[in-house]
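One structure is given below, encoded as structure tokens.
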Amino acid sequence: MSPKKMDDQHRIDYILLVTIIALLVIGLLMVFSATFALGYQLYQQPTYFLMRQLLWVGVGALAMMVTTRLEYHIWLRFSTWIILATLALLILVLLVGDSRFGGQRWLFNGSVQPSELAKLATIIYVAHWLSSKGEQLRRFDHGLIPYAVLVGGITGLIILQRDLGTAVLVAATALTMFFVAGASIWQFSLIGLLGSAALVVLVTQSSYRMSRVLTFLDPFSADPQGAGYQIRQILIALGSGGIFGLGFGVSRQKFGYIPASHTDGIFAILGEELGLVGSLLVIGLFALLAYRGFKIALAAPDTYGMVLATGITCSLIYQAIINIGVVTATLPFTGMPLPFISFGGSSLVVCMAGAGLLLAVSRRTLPDELQDEELRETGHLRRRNRRARVSGARRRRRPSTAEA
């Protein structure tokens, strides 16, 4: 295939863009429904939280436009500085951060949550690091050890903030990227076993984490006014919604029954007001986002783009799975916002910036007809390259950063 064909850009993935916009619209509607009473109670302004969310959507839209328009290889230049700045913020929040809800996770009076920034910063840096290793990734000293130190250091700082859910998300995303970049099965298995063992130790050595696990195992036997209160109220909300829901704005559980009903518990309010139909619609949108994201990763022109797209897609989908799993009592309780829907500035802006990066990769992917041409020329699918499980893009010339 000619270099010209490889370097041609084309339109972004508009199906993915529409999916993200649909999730944002649903999120704005649900934030208003879940907070109009709270806004009036606290600020005598029913639209207080909606206006703040609109402001963050505007900031996120700007970040998304920038990351979409920039050629994604430009982040190779800045990935080291990005991760160093993120590590500095993770350390800073432990020293001078605000303490809320039993954790020390916020800076600037609750405006910035460094662990949210770490989600995207880790993906950008790990994608760069993995794509630069080549066959050395399969070596113990050049692949497994440096990867474990890097990811372990980041997740360790997040755990010190008492934010185990985000630490698990970052570790799971990085592990998936490690695997699809070409790590061997034994490396993947060893890291998985070590990570699982560390998780068990962290849970069993913490009374409040162990209490959450025991409540998850038997939520109806737990103290209804203590450990089991939140999950009971969430399940009541979901059960009240039935098939078609009580109607938009008609939720009863948002009136002080579900803590954080506009953030971590917003899916319960959605289920109560829009019912099973509305819940399945949101789940379907996330499924479509996963499909388009992995499709972009498969068609990425190089390993960096493939691993980057895989990491962003997995991070967004893992977040959604954890949030919905907690709300439906299929996972132990942990605080995790629902991407694009929950109220919150740092999370929303980071999710939208990540979506912009995913769209930027989609601008460099091969159109279907060129993928078919490459298949005829090479005689096999690129993703069968054993050095990178999702894409054989290493065989293709990576566009230089000067082409950005």
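Simple scheme: letters A, B, ... for chains in structure tokens order, numbers from 1 for residues in each chain, numbers from 1 for ligands in the order shown.
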
*Distance query region 334-349 of chain A at most 6 Å, only C-alpha atoms, self and fewer than 3 positions along chain excluded, as a ChimeraX atom specification*: /A:23-24,27,56,60,112,116,165,262-264,320,323,352

Selection export as an mmCIF file, in the first residue's frame, atoms kept: C-alpha atoms:
data_model
loop_
_atom_site.group_PDB
_atom_site.id
_atom_site.type_symbol
_atom_site.label_atom_id
_atom_site.label_comp_id
_atom_site.auth_asym_id
_atom_site.auth_seq_id
_atom_site.Cartn_x
_atom_site.Cartn_y
_atom_site.Cartn_z
ATOM 1 C CA LEU A 23 -25.119 9.971 26.660
ATOM 2 C CA LEU A 24 -24.381 13.626 27.484
ATOM 3 C CA GLY A 27 -26.829 12.859 31.635
ATOM 4 C CA TRP A 56 -18.410 21.415 32.742
ATOM 5 C CA GLY A 60 -15.282 19.136 28.226
ATOM 6 C CA VAL A 112 -10.008 19.014 40.756
ATOM 7 C CA GLU A 116 -9.580 11.320 37.554
ATOM 8 C CA GLY A 165 -12.298 1.722 42.939
ATOM 9 C CA HIS A 262 -26.723 12.678 41.304
ATOM 10 C CA THR A 263 -23.214 11.180 41.158
ATOM 11 C CA ASP A 264 -22.480 7.501 41.902
ATOM 12 C CA ALA A 320 -19.738 2.000 33.259
ATOM 13 C CA ASN A 323 -21.051 1.825 38.284
ATOM 14 C CA MET A 352 -14.775 13.897 27.019
#

*From a DSSP calculation on the backbone, collect every residue of region 119-197 of chain A in alpha helix (DSSP H) and output the set as an MDAnalysis selection string.*
chainID A and resid 119:133 145:160 164:180 185:197

*asked:* With only C-alpha atoms as the counted atoms, please give the residues lying no more than 12 Å from Tyr208 (chain A), apart from itself and same-chain residues fewer than 3 positions off, as a PyMOL selection string.
replied: chain A and resi 102+162+164+202-205+211-215+226-227+332-334

For the residues selected in the previous step, produce a file with N, CA and C atoms as a PDB file, in the first residue's frame.
ATOM      1  N   GLY A 102     -14.484  10.296  53.736  1.00  0.00           N
ATOM      2  CA  GLY A 102     -13.486   9.340  54.191  1.00  0.00           C
ATOM      3  C   GLY A 102     -12.258   9.238  53.323  1.00  0.00           C
ATOM      4  N   ARG A 162      -7.487   6.528  49.581  1.00  0.00           N
ATOM      5  CA  ARG A 162      -8.664   5.711  49.947  1.00  0.00           C
ATOM      6  C   ARG A 162      -9.667   5.684  48.798  1.00  0.00           C
ATOM      7  N   LEU A 164     -10.025   2.979  46.271  1.00  0.00           N
ATOM      8  CA  LEU A 164      -9.683   1.672  45.721  1.00  0.00           C
ATOM      9  C   LEU A 164     -10.359   1.439  44.376  1.00  0.00           C
ATOM     10  N   LEU A 202      -5.834  -5.829  50.463  1.00  0.00           N
ATOM     11  CA  LEU A 202      -6.365  -4.491  50.731  1.00  0.00           C
ATOM     12  C   LEU A 202      -7.785  -4.541  51.281  1.00  0.00           C
ATOM     13  N   VAL A 203      -8.568  -5.486  50.801  1.00  0.00           N
ATOM     14  CA  VAL A 203      -9.957  -5.601  51.265  1.00  0.00           C
ATOM     15  C   VAL A 203     -10.014  -6.201  52.664  1.00  0.00           C
ATOM     16  N   THR A 204      -9.298  -7.300  52.863  1.00  0.00           N
ATOM     17  CA  THR A 204      -9.391  -8.007  54.138  1.00  0.00           C
ATOM     18  C   THR A 204      -8.737  -7.246  55.291  1.00  0.00           C
ATOM     19  N   GLN A 205      -7.785  -6.374  54.976  1.00  0.00           N
ATOM     20  CA  GLN A 205      -7.105  -5.615  56.022  1.00  0.00           C
ATOM     21  C   GLN A 205      -7.768  -4.273  56.323  1.00  0.00           C
ATOM     22  N   SER A 211     -16.558  -4.670  55.233  1.00  0.00           N
ATOM     23  CA  SER A 211     -17.981  -4.488  55.510  1.00  0.00           C
ATOM     24  C   SER A 211     -18.776  -4.364  54.215  1.00  0.00           C
ATOM     25  N   ARG A 212     -18.200  -3.669  53.230  1.00  0.00           N
ATOM     26  CA  ARG A 212     -18.884  -3.527  51.945  1.00  0.00           C
ATOM     27  C   ARG A 212     -19.016  -4.866  51.235  1.00  0.00           C
ATOM     28  N   VAL A 213     -17.984  -5.690  51.313  1.00  0.00           N
ATOM     29  CA  VAL A 213     -18.034  -7.011  50.676  1.00  0.00           C
ATOM     30  C   VAL A 213     -19.081  -7.882  51.352  1.00  0.00           C
ATOM     31  N   LEU A 214     -19.113  -7.878  52.677  1.00  0.00           N
ATOM     32  CA  LEU A 214     -20.096  -8.690  53.406  1.00  0.00           C
ATOM     33  C   LEU A 214     -21.516  -8.211  53.131  1.00  0.00           C
ATOM     34  N   THR A 215     -21.688  -6.901  53.013  1.00  0.00           N
ATOM     35  CA  THR A 215     -23.009  -6.354  52.673  1.00  0.00           C
ATOM     36  C   THR A 215     -23.423  -6.780  51.276  1.00  0.00           C
ATOM     37  N   GLY A 226     -27.652   0.963  58.511  1.00  0.00           N
ATOM     38  CA  GLY A 226     -26.198   1.127  58.522  1.00  0.00           C
ATOM     39  C   GLY A 226     -25.584   0.677  57.220  1.00  0.00           C
ATOM     40  N   ALA A 227     -24.837  -0.451  57.278  1.00  0.00           N
ATOM     41  CA  ALA A 227     -24.084  -0.901  56.112  1.00  0.00           C
ATOM     42  C   ALA A 227     -24.977  -1.209  54.918  1.00  0.00           C
ATOM     43  N   PRO A 332     -19.537  -5.421  44.618  1.00  0.00           N
ATOM     44  CA  PRO A 332     -19.463  -4.739  45.920  1.00  0.00           C
ATOM     45  C   PRO A 332     -19.444  -3.231  45.748  1.00  0.00           C
ATOM     46  N   PHE A 333     -19.973  -2.529  46.723  1.00  0.00           N
ATOM     47  CA  PHE A 333     -20.122  -1.081  46.603  1.00  0.00           C
ATOM     48  C   PHE A 333     -18.768  -0.386  46.555  1.00  0.00           C
ATOM     49  N   THR A 334     -18.637   0.534  45.603  1.00  0.00           N
ATOM     50  CA  THR A 334     -17.487   1.433  45.508  1.00  0.00           C
ATOM     51  C   THR A 334     -17.936   2.668  44.756  1.00  0.00           C
TER      52      THR A 334
END

*Select, from A:Leu280, A:Leu95, A:Leu169, A:Ala260, the residue with the minimum atom-to-atom distance to Thr35 (chain A), counting only C-alpha atoms.*
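Closest residue, counting only C-alpha atoms: A:Ala260.
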
Taking only residues of region 241-353 of chain A that have an atom at most 10 Å from an atom of region 358-361 of chain A, what is each one's shortest atom pair and its distance in Å to one decimal, using only C-alpha atoms, in chain and number order, as a Markdown table?
| residue | atom | partner | partner_atom | distance |
| --- | --- | --- | --- | --- |
| A:Arg292 | CA | A:Leu358 | CA | 9.6 |
| A:Gly293 | CA | A:Leu358 | CA | 7.1 |
| A:Phe294 | CA | A:Leu358 | CA | 9.9 |
| A:Ile296 | CA | A:Val361 | CA | 7.0 |
| A:Ala297 | CA | A:Val361 | CA | 8.0 |
| A:Ala299 | CA | A:Val361 | CA | 9.1 |
| A:Ala300 | CA | A:Val361 | CA | 6.7 |
| A:Pro301 | CA | A:Val361 | CA | 8.5 |
| A:Asp302 | CA | A:Val361 | CA | 10.0 |
| A:Tyr304 | CA | A:Val361 | CA | 9.7 |
| A:Gly305 | CA | A:Val361 | CA | 6.1 |
| A:Met306 | CA | A:Val361 | CA | 8.3 |
| A:Leu308 | CA | A:Leu358 | CA | 7.8 |
| A:Ala309 | CA | A:Leu358 | CA | 5.6 |
| A:Thr310 | CA | A:Leu358 | CA | 8.9 |
| A:Gly311 | CA | A:Leu358 | CA | 9.5 |
| A:Ile312 | CA | A:Leu358 | CA | 6.9 |
| A:Thr313 | CA | A:Leu358 | CA | 7.8 |
| A:Met352 | CA | A:Leu358 | CA | 9.7 |
| A:Ala353 | CA | A:Leu358 | CA | 8.8 |

Write out the residues from the selection above, keeping N, CA and C atoms, as a PDB file, in the first residue's frame.
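The result, written out as result.pdb:
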ATOM      1  N   ARG A 292     -17.717   0.601  18.708  1.00  0.00           N
ATOM      2  CA  ARG A 292     -17.029   1.568  17.849  1.00  0.00           C
ATOM      3  C   ARG A 292     -15.593   1.786  18.311  1.00  0.00           C
ATOM      4  N   GLY A 293     -15.386   1.807  19.648  1.00  0.00           N
ATOM      5  CA  GLY A 293     -14.035   2.014  20.155  1.00  0.00           C
ATOM      6  C   GLY A 293     -13.091   0.889  19.771  1.00  0.00           C
ATOM      7  N   PHE A 294     -13.541  -0.348  19.916  1.00  0.00           N
ATOM      8  CA  PHE A 294     -12.683  -1.479  19.551  1.00  0.00           C
ATOM      9  C   PHE A 294     -12.528  -1.582  18.028  1.00  0.00           C
ATOM     10  N   ILE A 296     -12.273   1.006  16.087  1.00  0.00           N
ATOM     11  CA  ILE A 296     -11.227   1.997  15.814  1.00  0.00           C
ATOM     12  C   ILE A 296      -9.862   1.411  16.146  1.00  0.00           C
ATOM     13  N   ALA A 297      -9.762   0.710  17.290  1.00  0.00           N
ATOM     14  CA  ALA A 297      -8.493   0.099  17.679  1.00  0.00           C
ATOM     15  C   ALA A 297      -8.028  -0.920  16.641  1.00  0.00           C
ATOM     16  N   ALA A 299      -8.572  -0.935  13.505  1.00  0.00           N
ATOM     17  CA  ALA A 299      -8.193  -0.295  12.242  1.00  0.00           C
ATOM     18  C   ALA A 299      -7.133   0.780  12.420  1.00  0.00           C
ATOM     19  N   ALA A 300      -6.565   0.917  13.624  1.00  0.00           N
ATOM     20  CA  ALA A 300      -5.558   1.941  13.870  1.00  0.00           C
ATOM     21  C   ALA A 300      -4.329   1.703  12.988  1.00  0.00           C
ATOM     22  N   PRO A 301      -3.669   2.776  12.551  1.00  0.00           N
ATOM     23  CA  PRO A 301      -2.561   2.623  11.614  1.00  0.00           C
ATOM     24  C   PRO A 301      -1.253   2.170  12.248  1.00  0.00           C
ATOM     25  N   ASP A 302      -1.139   2.124  13.570  1.00  0.00           N
ATOM     26  CA  ASP A 302       0.095   1.705  14.222  1.00  0.00           C
ATOM     27  C   ASP A 302      -0.218   1.186  15.616  1.00  0.00           C
ATOM     28  N   TYR A 304       0.812   2.270  18.548  1.00  0.00           N
ATOM     29  CA  TYR A 304       0.475   3.321  19.507  1.00  0.00           C
ATOM     30  C   TYR A 304      -1.009   3.667  19.430  1.00  0.00           C
ATOM     31  N   GLY A 305      -1.513   3.867  18.221  1.00  0.00           N
ATOM     32  CA  GLY A 305      -2.924   4.182  18.058  1.00  0.00           C
ATOM     33  C   GLY A 305      -3.814   3.048  18.527  1.00  0.00           C
ATOM     34  N   MET A 306      -3.409   1.810  18.256  1.00  0.00           N
ATOM     35  CA  MET A 306      -4.200   0.654  18.667  1.00  0.00           C
ATOM     36  C   MET A 306      -4.291   0.549  20.187  1.00  0.00           C
ATOM     37  N   LEU A 308      -3.625   2.918  22.412  1.00  0.00           N
ATOM     38  CA  LEU A 308      -4.280   4.112  22.939  1.00  0.00           C
ATOM     39  C   LEU A 308      -5.801   3.989  22.847  1.00  0.00           C
ATOM     40  N   ALA A 309      -6.312   3.590  21.673  1.00  0.00           N
ATOM     41  CA  ALA A 309      -7.759   3.439  21.491  1.00  0.00           C
ATOM     42  C   ALA A 309      -8.319   2.340  22.388  1.00  0.00           C
ATOM     43  N   THR A 310      -7.577   1.250  22.534  1.00  0.00           N
ATOM     44  CA  THR A 310      -8.019   0.168  23.415  1.00  0.00           C
ATOM     45  C   THR A 310      -8.105   0.645  24.861  1.00  0.00           C
ATOM     46  N   GLY A 311      -7.096   1.386  25.308  1.00  0.00           N
ATOM     47  CA  GLY A 311      -7.079   1.870  26.684  1.00  0.00           C
ATOM     48  C   GLY A 311      -8.229   2.812  26.985  1.00  0.00           C
ATOM     49  N   ILE A 312      -8.491   3.755  26.091  1.00  0.00           N
ATOM     50  CA  ILE A 312      -9.574   4.716  26.312  1.00  0.00           C
ATOM     51  C   ILE A 312     -10.921   3.998  26.326  1.00  0.00           C
ATOM     52  N   THR A 313     -11.126   3.114  25.373  1.00  0.00           N
ATOM     53  CA  THR A 313     -12.392   2.379  25.310  1.00  0.00           C
ATOM     54  C   THR A 313     -12.593   1.541  26.561  1.00  0.00           C
ATOM     55  N   MET A 352     -14.590  13.250  28.319  1.00  0.00           N
ATOM     56  CA  MET A 352     -14.775  13.897  27.019  1.00  0.00           C
ATOM     57  C   MET A 352     -13.440  14.099  26.304  1.00  0.00           C
ATOM     58  N   ALA A 353     -12.391  14.435  27.054  1.00  0.00           N
ATOM     59  CA  ALA A 353     -11.068  14.553  26.440  1.00  0.00           C
ATOM     60  C   ALA A 353     -10.606  13.202  25.899  1.00  0.00           C
TER      61      ALA A 353
END

*Quick one: distance from CA of Ala197 (chain A) to CA of Leu92 (chain A) in Å, one decimal?*
28.3 Å

_Picked from region 23-272 of chain A by DSSP as strand (DSSP E or B), as a ChimeraX atom specification_ = /A:98-100,103-107,112

Go ahead and write the residues just picked, C-alpha atoms, as a compact mmCIF listing (two decimals), in the first residue's frame.
# COMPACT_ATOMS: atom_id res chain seq x y z
CA ASP A 98 -9.46 18.19 50.86
CA SER A 99 -10.88 15.27 52.83
CA ARG A 100 -14.44 14.23 52.02
CA GLY A 103 -10.97 10.02 51.40
CA GLN A 104 -8.42 12.70 50.61
CA ARG A 105 -8.89 13.10 46.85
CA TRP A 106 -9.61 16.73 45.98
CA LEU A 107 -7.66 19.91 45.28
CA VAL A 112 -10.01 19.01 40.76
